Every structure is written in structure tokens, then in C-alpha cells.
Amino acid sequence: MATNSLEHDLKCLSIEELEKIAATMMDKQTRDYYNEGADSGSTLRENIDAYQKYRIRPRILRDVSRLDTSATIFGHKNAFPMGVAPTAMQRLAHTDGESATACACAKRNVIMGLSSFSTTTLEDVAQAADNQIPLVLQLYLFEERAHSEKLIARAKKAGYKAVFLTVDTPYLGRRNLEIRNQFKLPSHFSIPNFAQQGDEKGGDAEFQQEKGAKKERKPSSAGFTGKDGSRTVPSGPITFHSHAANPTLSWEKDIEWLKKECGDDMQVWIKGVATAEDAQLAIKHKVDGIVVSNHGGRQLNGALATLDALPEVVAAVNKRIPVHVDGGIRHGTDIFKALALGADFCWIGRPVLWALAYKGQTGVELCLRLLEDEFKLAMGLAGVTRVQDINKSYLVKMEGCAFPAKL
């Protein structure tokens with residue numbers, strides 16, 4: 001089987017090597033921010049280790065001379081069943097940040113998600129993608145809805161296809177390295193999606209004094225519930241640490257509102273589902289899709305790995321809406337395994353950040369090509385020619401003392 005015609009980067013032949021290279025190219029604060037999981041990091045590790053519980057059962061003597069790796073998403077024929085997940089503050093890794101990622105995705109024909117807390121405006125990212133691929137906006141629904149209303153309206157106007165509502169952050173997980181490093185976005189960056197009129201910095205530029213200003217702006221403050229049960233919403237400049245967490249979110253109060261805001265222009269997906277019960281509720285409330293996710297192991301430490309949570313969600317949904325999965329994917333065979341367990345599509349996060357740190361847009365193109373090539377090879381060697389034909393008959397699960405159990 002012919003491989004991609006592009007020459008190999010002999011310094012980086014795998015995502016594992018990419019991670020090691022990036023570790024030498026990021027400053028400590030950025031590296032710790034991107035790579036850390038919550039508390040002991042056990043869920044982060046299990047997201048990766050879960051894929052090692054499964055082995056592929058290859059079928060032979062099948063004509064695999066023609067392989068179709070494509071997958072349709074939002075009406076678009078994606079190069080393979082994987083997209084670039086929304087990850088915050090990408091300019092920490094490379095000066096071109098999210099724009100470089102968008103250009104790389106457009107070139108490799110891979111869908112991209114954008115974080116609300118990106119270091120590039122959603123409009124500039126759309127311009128970089130140049131209508132070549134669908135874009136989705138990851139959304140934190142703030143307690144003060146006006147902020148979210150404005151962001152949704154802008155995303156509609158810029159042509160974003162869906163909102164991925166993050167629902168696993170009623171409170172922020174404890175990230176000890178962030179605490180120890182006193183992580184804060186450097187002053188030469190901003191979170192421009194939330195820049196207010198007359199405030200070019202916006203977002204995480206709290207405490208900084210405006211050039212020529214006579215006084216410092218007031219610091220941001222997180223919301224809290226008083227002893228009397230009354231709720232005070234976050235205030236001040238919008239920052240991730242003060243505004244992203246929203247313990248007031250609920251199915252009844254917020255999903256219908258969000259669907260009305262998005263209207264017919266954008267689909268509403270729930271990102272952060274990990275149980276059959278919540279999958280059933282997602283269907284009840286008529287969301288358009290589910291992303292099985294645990295926030296890259298950055299929220300509830302000790303939670304199920306996303307691959308382990310996937311089968312029960314898939315069974316509960318029973319093909320009524322699409323089920324996607326993220327977390328822990330480091331090789332094309334991981335994508336194959338996730339699809340075999342019932343996922344319709346996969347998303348990657350950290351590998352793209354490492355790729356940005358390595359070579360900017362070129363690095364992201366390399367990352368996507370590595371995973372696509374590995375996935376295509378996995379299909380061919382497993383004896384399957386179409387993505388839709390990948391199913392659990394191609395897997396066994398290693399149980400106990402490494403005895404295989406057929407699924």
C-alpha cells in the first residue's frame with residue numbers, strides 16, 4: 001500500500017516522539033499547563049492506557065488495494081474520522097497559534113474545534129480556514145448569559161457549524177502545577193473573543209495596567225453561593241479561572257435556551273458525557289450529538305477513561321444521534337479501536353499543541369499526517385476497506401492475566 005507522498009520528518013516519526021520534542025521547546029509554565037491532569041493525573045494516564053486493553057483481530061485475504069478513510073461530518077467529507085479538538089491559548093505554543101492550526105486543518109482536510117478561550121478571534125480562525133473545512137465553537141455557558149449570546153451570534157455570522165457545550169466544569173478541577181506555577185497568560189497575549197469595547201486585551205489580562213491609564217482595572221472574581229443560598233455571578237474581566245466554571249448549569253434551564261440561541265444555523269452538542277444516564281438525557285433534550293469526554297483528565301480525577309465510558313454511552317444512544325470521543329488518542333490504531341467500540345468520530349487535543357510547539361503550521365500538518373497514515377495502515381492490515389465497516393468484531397479485550405476476551 002502506497003504511503004503519503006510527502007517525505008518523512010526523520011526527527012519525528014510518531015506522536016510519542018512529537019511529545020518529547022515539544023517538551024524541549026516549551027517553557028515550563030506552558031508545558032505544565034498543557035500536559036497536566038487533575039490531582040495525581042490518574043485519569044489522564046488512564047485515558048491513554050485504556051487503549052492498551054484492546055488488541056486488533058486482523059482479517060486476511062481481503063482485497064484492501066483501495067481504502068476509503070473518509071468520514072462525513074456536518075455534511076463535509078473529512079479526510080479520516082478525526083478532528084482537532086478545541087484547546088485553549090494555542091499561541092502559548094507558537095506565535096501563530098490557532099490560525100496556524102486552522103491553516104493546517106484546511107490543508108489536510110480535517111475539521112477543527114475552537115476554544116472560547118482561544119488566543120485568536122473566532123473570525124480570524126474562520127478566515128484562516130478559508131471555508132475549506134467546518135469549524136465548531138467550544139462554549140462555556142457563562143452565568144451572565146449576555147457574554148455567551150454575543151459569542152454565539154458572532155460564531156453564527158462567521159459560519160461555524162456547531163456549538164460544543166462543555167458540561168464537565170461546574171467547578172474547575174484541581175491542577176496542582178497551575179497552582180504552584182501561579183499560571184497566568186503572559187501580558188503580550190490576550191483572550192480576544194472576550195475583549196470589550198475600549199479594552200484590547202480582554203480575557204485573562206486581569207490586573208494589568210492599560211498603557212497610559214491612570215488606574216489599574218479591577219481584578220476578576222469568581223462566582224460564589226452565599227450562606228443564605230444566594231448566588232453572586234462572576235465579575236470583572238472574563239478569565240478562564242473566574243468565569244468558565246458554572247455550577248448553575250442544568251438540563252432543564254439551559255439546553256433549550258442554547259438551542260433557541262443557535263437556531264437552525266448551528267447544531268448543539270454536549271461535550272463531557274460519560275454515562276448512559278446522561279446520554280439518555282441528552283436525547284430527551286434533543287441535542288444534536290455527544291462527545292464522550294473527561295476534559296483530558298483535567299477535571300474529576302478518578303473518573304472513567306473516555307474509552308472505557310464509550311461503550312455504555314454508545315449502547316444507550318443506539319445510533320439515534322452521533323457519538324464522538326476524545327482523550328488519550330496517540331496513534332492511528334487508537335482511532336481504529338474507538339470506532340470499533342462504537343464511536344462515530346474522534347478528536348485529538350494535546351498532540352496538536354505539541355505539533356504547534358515543534359513547527360507551527362508545518363508541525364500540525366505533520367501531526368495530522370502521522371495519524372492519518374497510521375489509521376489508513378491499520379485499516380489495511382486489519383482487512384477493512386471502509387470506515388463504516390469497522391466494528392467490535394475487530395477487537396478483543398485483554399482481561400485478567402492478559403487473556404483475550406472476544407467482544
# chains A, B, ... in the order shown; residues from 1 in each chain; ligands from 1
$ residues_around --residues "A:Gln127" --least-positions-apart "5" --cutoff "12 Å" --atoms "only C-alpha atoms" --output "list in words"
Glu98, Ser99, Ala100, Ala102, Cys103, Ala106, Thr120, Thr121, Leu122, Gln132, Ile133, Pro134, Leu135, Ala158, Gly159 and Tyr160 of chain A
$ residues_around --residues "A:Tyr140" --least-positions-apart "4" --cutoff "10 Å" --atoms "only C-alpha atoms" --output "PyMOL selection string"
chain A and resi 115-117+148+163-169+240+243-246
$ write_last_selection --atoms "all heavy atoms" --output "CSV table (one decimal), in the first residue's frame"
chain,number,residue,atom,x,y,z
A,115,SER,N,-11.6,26.7,20.9
A,115,SER,CA,-11.9,27.1,22.3
A,115,SER,C,-12.4,28.5,22.4
A,115,SER,O,-11.9,29.4,21.7
A,115,SER,CB,-10.7,26.9,23.2
A,115,SER,OG,-10.9,27.4,24.4
A,116,SER,N,-13.4,28.7,23.3
A,116,SER,CA,-13.8,30.0,23.6
A,116,SER,C,-12.7,30.9,24.1
A,116,SER,O,-12.6,32.1,23.8
A,116,SER,CB,-14.9,30.0,24.7
A,116,SER,OG,-16.1,29.5,24.2
A,117,PHE,N,-11.7,30.2,24.8
A,117,PHE,CA,-10.6,30.9,25.4
A,117,PHE,C,-9.4,30.8,24.5
A,117,PHE,O,-8.3,30.5,24.9
A,117,PHE,CB,-10.3,30.4,26.8
A,117,PHE,CG,-11.3,30.9,27.8
A,117,PHE,CD1,-12.4,30.2,28.1
A,117,PHE,CD2,-11.1,32.1,28.4
A,117,PHE,CE1,-13.4,30.7,29.0
A,117,PHE,CE2,-12.0,32.6,29.3
A,117,PHE,CZ,-13.2,31.9,29.6
A,148,SER,N,-22.2,35.0,26.5
A,148,SER,CA,-22.4,33.8,25.6
A,148,SER,C,-23.2,34.2,24.4
A,148,SER,O,-23.0,33.7,23.3
A,148,SER,CB,-23.0,32.7,26.4
A,148,SER,OG,-22.1,32.3,27.4
A,163,VAL,N,-22.1,24.3,18.1
A,163,VAL,CA,-21.5,24.7,19.4
A,163,VAL,C,-21.3,23.4,20.2
A,163,VAL,O,-22.2,22.5,20.2
A,163,VAL,CB,-22.5,25.6,20.2
A,163,VAL,CG1,-22.3,25.6,21.6
A,163,VAL,CG2,-22.4,27.0,19.6
A,164,PHE,N,-20.2,23.2,20.8
A,164,PHE,CA,-19.9,22.1,21.7
A,164,PHE,C,-19.9,22.6,23.1
A,164,PHE,O,-18.9,23.3,23.5
A,164,PHE,CB,-18.5,21.5,21.4
A,164,PHE,CG,-18.5,20.5,20.2
A,164,PHE,CD1,-19.5,20.4,19.3
A,164,PHE,CD2,-17.4,19.6,20.0
A,164,PHE,CE1,-19.5,19.5,18.2
A,164,PHE,CE2,-17.4,18.8,19.0
A,164,PHE,CZ,-18.4,18.7,18.1
A,165,LEU,N,-21.0,22.4,23.8
A,165,LEU,CA,-21.2,23.0,25.1
A,165,LEU,C,-20.4,22.1,26.1
A,165,LEU,O,-20.7,20.9,26.3
A,165,LEU,CB,-22.6,23.0,25.5
A,165,LEU,CG,-22.9,23.5,27.0
A,165,LEU,CD1,-22.5,24.9,27.2
A,165,LEU,CD2,-24.4,23.3,27.3
A,166,THR,N,-19.4,22.6,26.8
A,166,THR,CA,-18.6,21.9,27.8
A,166,THR,C,-19.5,21.8,29.1
A,166,THR,O,-19.8,22.9,29.6
A,166,THR,CB,-17.3,22.6,28.0
A,166,THR,OG1,-16.5,22.5,26.8
A,166,THR,CG2,-16.6,21.9,29.2
A,167,VAL,N,-19.7,20.6,29.5
A,167,VAL,CA,-20.6,20.4,30.7
A,167,VAL,C,-20.0,19.8,31.9
A,167,VAL,O,-20.6,19.5,32.8
A,167,VAL,CB,-21.9,19.6,30.2
A,167,VAL,CG1,-22.7,20.4,29.2
A,167,VAL,CG2,-21.5,18.2,29.7
A,168,ASP,N,-18.6,19.6,31.8
A,168,ASP,CA,-17.9,18.9,32.9
A,168,ASP,C,-17.2,19.8,33.7
A,168,ASP,O,-16.3,19.4,34.5
A,168,ASP,CB,-17.0,17.8,32.3
A,168,ASP,CG,-16.0,18.3,31.3
A,168,ASP,OD1,-15.9,19.5,31.1
A,168,ASP,OD2,-15.4,17.4,30.6
A,169,THR,N,-17.5,21.1,33.7
A,169,THR,CA,-16.8,22.1,34.5
A,169,THR,C,-17.7,22.9,35.4
A,169,THR,O,-17.7,24.1,35.4
A,169,THR,CB,-16.0,23.1,33.6
A,169,THR,OG1,-16.9,23.6,32.7
A,169,THR,CG2,-14.9,22.4,32.9
A,240,PHE,N,-10.6,32.5,32.3
A,240,PHE,CA,-10.9,31.1,32.4
A,240,PHE,C,-11.2,30.7,33.9
A,240,PHE,O,-12.2,30.1,34.2
A,240,PHE,CB,-9.8,30.2,31.8
A,240,PHE,CG,-10.1,28.7,32.0
A,240,PHE,CD1,-11.0,28.1,31.2
A,240,PHE,CD2,-9.5,28.0,33.0
A,240,PHE,CE1,-11.3,26.7,31.4
A,240,PHE,CE2,-9.8,26.7,33.2
A,240,PHE,CZ,-10.7,26.0,32.4
A,243,HIS,N,-14.5,32.7,35.2
A,243,HIS,CA,-15.8,32.6,34.5
A,243,HIS,C,-16.2,31.3,33.9
A,243,HIS,O,-17.4,31.0,33.7
A,243,HIS,CB,-15.9,33.7,33.4
A,243,HIS,CG,-16.0,35.1,33.9
A,243,HIS,ND1,-15.1,35.7,34.6
A,243,HIS,CD2,-17.1,35.9,33.7
A,243,HIS,CE1,-15.5,36.9,34.9
A,243,HIS,NE2,-16.7,37.1,34.4
A,244,ALA,N,-15.2,30.4,33.6
A,244,ALA,CA,-15.5,29.2,32.9
A,244,ALA,C,-16.4,28.2,33.7
A,244,ALA,O,-17.3,27.6,33.1
A,244,ALA,CB,-14.2,28.5,32.4
A,245,ALA,N,-16.1,28.1,34.9
A,245,ALA,CA,-16.9,27.2,35.8
A,245,ALA,C,-18.3,27.7,36.0
A,245,ALA,O,-18.4,28.9,36.3
A,245,ALA,CB,-16.2,26.9,37.1
A,246,ASN,N,-19.3,26.9,35.9
A,246,ASN,CA,-20.7,27.3,36.1
A,246,ASN,C,-21.5,26.2,36.8
A,246,ASN,O,-22.0,25.3,36.1
A,246,ASN,CB,-21.3,27.7,34.7
A,246,ASN,CG,-22.7,28.3,34.9
A,246,ASN,OD1,-23.3,28.2,36.0
A,246,ASN,ND2,-23.3,28.8,33.8
$ closest_residue --among "A:Ala38, A:Ala222, A:Val352, A:Cys105" --to "A:Thr87" --atoms "only C-alpha atoms"
A:Val352
$ closest_residue --among "A:Ser42, A:Thr225, A:Ser187, A:Asn47" --to "A:Thr248" --atoms "only C-alpha atoms"
A:Thr225
$ select_by_dssp --residues "stretch 5-156 of chain A" --states "strand (DSSP E)" --output "NGL selection string"
:A and (54-56 or 71-73 or 76-78 or 82-84 or 112-114 or 135-139)
$ write_last_selection --atoms "all heavy atoms" --output "compact mmCIF listing (two decimals), in the first residue's frame"
# COMPACT_ATOMS: atom_id res chain seq x y z
N TYR A 54 -7.05 -3.24 24.60
CA TYR A 54 -7.65 -3.87 23.43
C TYR A 54 -6.59 -4.26 22.41
O TYR A 54 -5.57 -3.57 22.26
CB TYR A 54 -8.66 -2.92 22.78
CG TYR A 54 -9.84 -2.60 23.67
CD1 TYR A 54 -9.80 -1.53 24.55
CD2 TYR A 54 -10.99 -3.38 23.63
CE1 TYR A 54 -10.87 -1.24 25.38
CE2 TYR A 54 -12.07 -3.11 24.45
CZ TYR A 54 -12.00 -2.04 25.32
OH TYR A 54 -13.07 -1.76 26.14
N ARG A 55 -6.84 -5.36 21.72
CA ARG A 55 -5.99 -5.79 20.62
C ARG A 55 -6.86 -5.94 19.38
O ARG A 55 -8.04 -6.30 19.46
CB ARG A 55 -5.32 -7.13 20.94
CG ARG A 55 -4.45 -7.11 22.19
CD ARG A 55 -3.18 -6.27 22.00
NE ARG A 55 -2.32 -6.39 23.17
CZ ARG A 55 -2.36 -5.61 24.23
NH1 ARG A 55 -3.25 -4.63 24.28
NH2 ARG A 55 -1.54 -5.79 25.25
N ILE A 56 -6.27 -5.70 18.23
CA ILE A 56 -6.99 -5.78 16.96
C ILE A 56 -6.94 -7.21 16.42
O ILE A 56 -5.89 -7.85 16.44
CB ILE A 56 -6.40 -4.79 15.95
CG1 ILE A 56 -6.57 -3.35 16.46
CG2 ILE A 56 -7.06 -4.94 14.57
CD1 ILE A 56 -5.84 -2.31 15.64
N ALA A 71 -14.70 10.24 6.36
CA ALA A 71 -15.87 10.22 7.25
C ALA A 71 -16.62 11.52 7.07
O ALA A 71 -16.02 12.60 7.03
CB ALA A 71 -15.43 10.06 8.70
N THR A 72 -17.93 11.45 6.96
CA THR A 72 -18.74 12.65 6.75
C THR A 72 -19.16 13.25 8.08
O THR A 72 -19.68 12.55 8.95
CB THR A 72 -19.98 12.32 5.91
OG1 THR A 72 -19.56 11.80 4.65
CG2 THR A 72 -20.83 13.56 5.68
N ILE A 73 -18.92 14.54 8.23
CA ILE A 73 -19.30 15.25 9.45
C ILE A 73 -19.76 16.65 9.06
O ILE A 73 -19.10 17.35 8.29
CB ILE A 73 -18.12 15.31 10.46
CG1 ILE A 73 -18.52 16.09 11.71
CG2 ILE A 73 -16.84 15.86 9.83
CD1 ILE A 73 -17.53 15.96 12.85
N HIS A 76 -19.62 17.43 5.52
CA HIS A 76 -18.30 17.56 4.93
C HIS A 76 -17.60 16.21 4.90
O HIS A 76 -17.64 15.46 5.87
CB HIS A 76 -17.46 18.56 5.74
CG HIS A 76 -16.03 18.66 5.34
ND1 HIS A 76 -15.63 19.39 4.24
CD2 HIS A 76 -14.90 18.13 5.89
CE1 HIS A 76 -14.31 19.30 4.13
NE2 HIS A 76 -13.85 18.55 5.10
N LYS A 77 -16.93 15.90 3.80
CA LYS A 77 -16.18 14.66 3.68
C LYS A 77 -14.78 14.87 4.26
O LYS A 77 -13.88 15.37 3.60
CB LYS A 77 -16.11 14.21 2.23
CG LYS A 77 -15.59 12.78 2.04
CD LYS A 77 -15.69 12.36 0.58
CE LYS A 77 -15.23 10.92 0.40
NZ LYS A 77 -15.33 10.49 -1.02
N ASN A 78 -14.62 14.50 5.53
CA ASN A 78 -13.35 14.68 6.25
C ASN A 78 -12.35 13.63 5.80
O ASN A 78 -12.72 12.51 5.46
CB ASN A 78 -13.60 14.54 7.76
CG ASN A 78 -12.68 15.37 8.61
OD1 ASN A 78 -12.68 16.59 8.52
ND2 ASN A 78 -11.88 14.72 9.44
N MET A 82 -11.33 11.83 12.31
CA MET A 82 -10.70 12.51 13.43
C MET A 82 -10.66 14.00 13.16
O MET A 82 -10.42 14.44 12.03
CB MET A 82 -9.27 12.00 13.65
CG MET A 82 -8.64 12.48 14.95
SD MET A 82 -6.84 12.50 14.86
CE MET A 82 -6.57 13.98 13.88
N GLY A 83 -10.92 14.79 14.22
CA GLY A 83 -10.83 16.23 14.14
C GLY A 83 -9.91 16.78 15.21
O GLY A 83 -9.51 16.06 16.14
N VAL A 84 -9.58 18.05 15.07
CA VAL A 84 -8.73 18.73 16.05
C VAL A 84 -9.63 19.34 17.12
O VAL A 84 -10.45 20.21 16.82
CB VAL A 84 -7.86 19.80 15.38
CG1 VAL A 84 -7.16 20.66 16.44
CG2 VAL A 84 -6.83 19.14 14.48
N MET A 112 -11.96 21.31 12.55
CA MET A 112 -11.31 21.92 13.71
C MET A 112 -12.34 22.46 14.68
O MET A 112 -13.34 23.06 14.29
CB MET A 112 -10.39 23.05 13.25
CG MET A 112 -9.74 23.83 14.40
SD MET A 112 -8.74 25.21 13.78
CE MET A 112 -8.32 26.02 15.34
N GLY A 113 -12.08 22.29 15.97
CA GLY A 113 -12.84 22.94 17.03
C GLY A 113 -12.03 24.06 17.62
O GLY A 113 -10.80 23.97 17.74
N LEU A 114 -12.70 25.14 18.00
CA LEU A 114 -12.03 26.31 18.57
C LEU A 114 -12.51 26.55 19.98
O LEU A 114 -13.72 26.58 20.25
CB LEU A 114 -12.30 27.56 17.72
CG LEU A 114 -11.59 28.83 18.21
CD1 LEU A 114 -10.10 28.77 17.93
CD2 LEU A 114 -12.21 30.07 17.57
N LEU A 135 -16.03 24.37 11.01
CA LEU A 135 -15.49 24.78 12.30
C LEU A 135 -16.59 24.65 13.36
O LEU A 135 -17.76 24.90 13.08
CB LEU A 135 -15.01 26.23 12.26
CG LEU A 135 -13.84 26.53 11.31
CD1 LEU A 135 -13.65 28.04 11.20
CD2 LEU A 135 -12.56 25.87 11.79
N VAL A 136 -16.20 24.26 14.55
CA VAL A 136 -17.14 24.21 15.67
C VAL A 136 -16.58 25.05 16.81
O VAL A 136 -15.36 25.15 16.97
CB VAL A 136 -17.41 22.77 16.14
CG1 VAL A 136 -17.98 21.93 15.01
CG2 VAL A 136 -16.16 22.12 16.70
N LEU A 137 -17.46 25.65 17.57
CA LEU A 137 -17.06 26.50 18.69
C LEU A 137 -17.34 25.79 20.00
O LEU A 137 -18.48 25.41 20.28
CB LEU A 137 -17.83 27.83 18.67
CG LEU A 137 -17.55 28.76 19.85
CD1 LEU A 137 -16.13 29.30 19.80
CD2 LEU A 137 -18.56 29.92 19.86
N GLN A 138 -16.28 25.59 20.78
CA GLN A 138 -16.46 25.08 22.14
C GLN A 138 -16.95 26.23 23.00
O GLN A 138 -16.42 27.34 22.96
CB GLN A 138 -15.13 24.53 22.67
CG GLN A 138 -15.15 24.08 24.13
CD GLN A 138 -14.85 25.23 25.10
OE1 GLN A 138 -14.20 26.20 24.74
NE2 GLN A 138 -15.36 25.11 26.30
N LEU A 139 -17.98 25.95 23.79
CA LEU A 139 -18.62 27.02 24.55
C LEU A 139 -18.68 26.69 26.03
O LEU A 139 -19.08 25.59 26.42
CB LEU A 139 -20.05 27.22 24.03
CG LEU A 139 -20.88 28.33 24.70
CD1 LEU A 139 -20.37 29.71 24.28
CD2 LEU A 139 -22.35 28.18 24.35
$ closest_residue --among "A:Ser40, A:Thr232, A:Thr69, A:Thr95" --to "A:Lys359" --atoms "only C-alpha atoms"
A:Thr95
$ closest_atom_pairs --of "stretch 107-134 of chain A" --to "stretch 372-377 of chain A" --cutoff "12 Å" --atoms "only C-alpha atoms" --output "CSV"
residue,atom,partner,partner_atom,distance
A:Arg108,CA,A:Glu372,CA,9.5
A:Asn109,CA,A:Glu372,CA,10.9
A:Val110,CA,A:Glu372,CA,10.0
$ write_last_selection --atoms "N, CA, C and O atoms" --output "mmCIF file, in the first residue's frame"
data_model
loop_
_atom_site.group_PDB
_atom_site.id
_atom_site.type_symbol
_atom_site.label_atom_id
_atom_site.label_comp_id
_atom_site.auth_asym_id
_atom_site.auth_seq_id
_atom_site.Cartn_x
_atom_site.Cartn_y
_atom_site.Cartn_z
ATOM 1 N N ARG A 108 -5.020 19.745 5.344
ATOM 2 C CA ARG A 108 -5.132 18.287 5.490
ATOM 3 C C ARG A 108 -6.588 17.812 5.447
ATOM 4 O O ARG A 108 -6.848 16.621 5.595
ATOM 5 N N ASN A 109 -7.525 18.732 5.242
ATOM 6 C CA ASN A 109 -8.959 18.402 5.161
ATOM 7 C C ASN A 109 -9.448 17.729 6.443
ATOM 8 O O ASN A 109 -10.049 16.663 6.431
ATOM 9 N N VAL A 110 -9.193 18.397 7.573
ATOM 10 C CA VAL A 110 -9.572 17.885 8.886
ATOM 11 C C VAL A 110 -10.346 18.971 9.636
ATOM 12 O O VAL A 110 -9.882 20.112 9.752
#
$ closest_residue --among "A:Ala93, A:Ala50, A:Ala316, A:Val287" --to "A:Ala22" --atoms "only C-alpha atoms"
A:Ala93
$ atom_distance --atom1 "atom CA of A:Ile111" --atom2 "atom CA of A:Thr333"
19.5 Å
$ atom_distance --atom1 "atom CA of A:Met266" --atom2 "atom CA of A:Gly75"
12.7 Å
$ closest_residue --among "A:Glu312, A:Asp265, A:Asp344, A:Asp32" --to "A:Asp389" --atoms "only C-alpha atoms"
A:Asp344
$ closest_residue --among "A:Gly342, A:Cys367, A:Lys11, A:Glu178" --to "A:Tyr394" --atoms "only C-alpha atoms"
A:Gly342
$ atom_distance --atom1 "atom CA of A:Met398" --atom2 "atom CA of A:Gln52"
8.4 Å
$ residues_around --residues "A:Glu46" --least-positions-apart "6" --cutoff "12 Å" --atoms "only C-alpha atoms" --output "compact mmCIF listing (two decimals) with all heavy atoms, in the first residue's frame"
# COMPACT_ATOMS: atom_id res chain seq x y z
N GLY A 37 -2.79 16.86 34.26
CA GLY A 37 -4.13 16.40 34.58
C GLY A 37 -4.50 16.87 35.97
O GLY A 37 -3.71 17.52 36.67
N SER A 40 -3.61 13.79 41.00
CA SER A 40 -2.48 12.89 40.74
C SER A 40 -2.29 12.58 39.26
O SER A 40 -1.29 11.99 38.88
CB SER A 40 -2.68 11.56 41.49
OG SER A 40 -3.76 10.82 40.91
N GLN A 52 -4.65 0.36 25.51
CA GLN A 52 -3.80 -0.82 25.55
C GLN A 52 -4.53 -2.06 26.06
O GLN A 52 -3.99 -3.16 26.03
CB GLN A 52 -2.56 -0.55 26.43
CG GLN A 52 -1.76 0.67 25.99
CD GLN A 52 -1.47 0.67 24.50
OE1 GLN A 52 -0.97 -0.32 23.95
NE2 GLN A 52 -1.77 1.78 23.83
N LYS A 53 -5.76 -1.88 26.52
CA LYS A 53 -6.56 -3.02 26.97
C LYS A 53 -7.10 -3.83 25.79
O LYS A 53 -7.59 -4.94 25.97
CB LYS A 53 -7.74 -2.55 27.83
CG LYS A 53 -7.37 -1.81 29.09
CD LYS A 53 -8.63 -1.28 29.76
CE LYS A 53 -8.31 -0.41 30.97
NZ LYS A 53 -9.55 0.18 31.55
N ASN A 294 -13.69 13.61 29.25
CA ASN A 294 -13.47 13.97 30.65
C ASN A 294 -12.50 15.13 30.76
O ASN A 294 -11.75 15.25 31.71
CB ASN A 294 -13.01 12.76 31.48
CG ASN A 294 -11.76 12.11 30.92
OD1 ASN A 294 -10.91 12.77 30.29
ND2 ASN A 294 -11.60 10.81 31.13
N GLY A 296 -9.86 15.83 29.05
CA GLY A 296 -8.45 15.46 29.00
C GLY A 296 -7.88 15.07 30.35
O GLY A 296 -6.67 15.22 30.59
N GLY A 297 -8.74 14.57 31.25
CA GLY A 297 -8.29 14.19 32.58
C GLY A 297 -7.98 15.37 33.48
O GLY A 297 -7.31 15.21 34.51
N ASN A 301 -10.56 13.76 38.89
CA ASN A 301 -9.56 12.70 38.94
C ASN A 301 -10.19 11.44 39.51
O ASN A 301 -10.94 11.48 40.48
CB ASN A 301 -8.36 13.12 39.80
CG ASN A 301 -7.15 12.28 39.53
OD1 ASN A 301 -6.81 12.03 38.38
ND2 ASN A 301 -6.47 11.84 40.58
N GLY A 302 -9.89 10.29 38.88
CA GLY A 302 -10.52 9.05 39.29
C GLY A 302 -11.74 8.71 38.45
O GLY A 302 -12.39 7.69 38.68
N ALA A 303 -12.06 9.57 37.47
CA ALA A 303 -13.18 9.29 36.58
C ALA A 303 -12.78 8.22 35.56
O ALA A 303 -11.59 7.93 35.36
CB ALA A 303 -13.61 10.56 35.85
N LEU A 304 -13.78 7.64 34.92
CA LEU A 304 -13.53 6.65 33.88
C LEU A 304 -12.72 7.25 32.73
O LEU A 304 -12.93 8.40 32.34
CB LEU A 304 -14.84 6.14 33.31
CG LEU A 304 -15.58 5.01 34.02
CD1 LEU A 304 -16.93 4.78 33.34
CD2 LEU A 304 -14.75 3.74 34.01
N ALA A 305 -11.82 6.45 32.18
CA ALA A 305 -11.20 6.81 30.91
C ALA A 305 -12.30 6.93 29.87
O ALA A 305 -13.31 6.22 29.91
CB ALA A 305 -10.19 5.76 30.50
N THR A 306 -12.13 7.83 28.92
CA THR A 306 -13.19 8.04 27.93
C THR A 306 -13.45 6.78 27.11
O THR A 306 -14.61 6.49 26.78
CB THR A 306 -12.84 9.22 27.00
OG1 THR A 306 -11.52 9.05 26.48
CG2 THR A 306 -12.92 10.53 27.76
N LEU A 307 -12.42 6.03 26.79
CA LEU A 307 -12.63 4.80 26.01
C LEU A 307 -13.42 3.78 26.82
O LEU A 307 -14.23 3.03 26.25
CB LEU A 307 -11.30 4.20 25.56
CG LEU A 307 -11.41 3.11 24.50
CD1 LEU A 307 -11.83 3.70 23.16
CD2 LEU A 307 -10.11 2.33 24.36
N ASP A 308 -13.22 3.75 28.13
CA ASP A 308 -13.99 2.84 28.99
C ASP A 308 -15.43 3.29 29.14
O ASP A 308 -16.34 2.45 29.32
CB ASP A 308 -13.33 2.73 30.37
CG ASP A 308 -11.99 2.01 30.32
OD1 ASP A 308 -11.78 1.20 29.39
OD2 ASP A 308 -11.15 2.26 31.20
N ALA A 309 -15.67 4.59 29.10
CA ALA A 309 -17.03 5.11 29.20
C ALA A 309 -17.79 4.97 27.88
O ALA A 309 -19.03 4.94 27.88
CB ALA A 309 -17.00 6.57 29.62
N GLY A 327 -9.72 12.22 24.09
CA GLY A 327 -8.92 11.83 25.26
C GLY A 327 -8.05 10.62 25.03
O GLY A 327 -8.56 9.52 24.78
N GLY A 328 -6.74 10.80 25.08
CA GLY A 328 -5.81 9.67 25.10
C GLY A 328 -5.38 9.14 23.75
O GLY A 328 -4.58 8.19 23.69
N ILE A 329 -5.87 9.69 22.66
CA ILE A 329 -5.51 9.17 21.33
C ILE A 329 -4.10 9.62 20.98
O ILE A 329 -3.80 10.82 20.95
CB ILE A 329 -6.52 9.65 20.27
CG1 ILE A 329 -7.88 8.98 20.53
CG2 ILE A 329 -6.03 9.34 18.86
CD1 ILE A 329 -9.00 9.53 19.68
$ select_by_dssp --residues "stretch 118-345 of chain A" --states "helix (DSSP H, G or I)" --output "ChimeraX atom specification"
/A:122-129,145-158,176-181,192-194,240-244,251-262,276-284,295-297,306-317,332-340
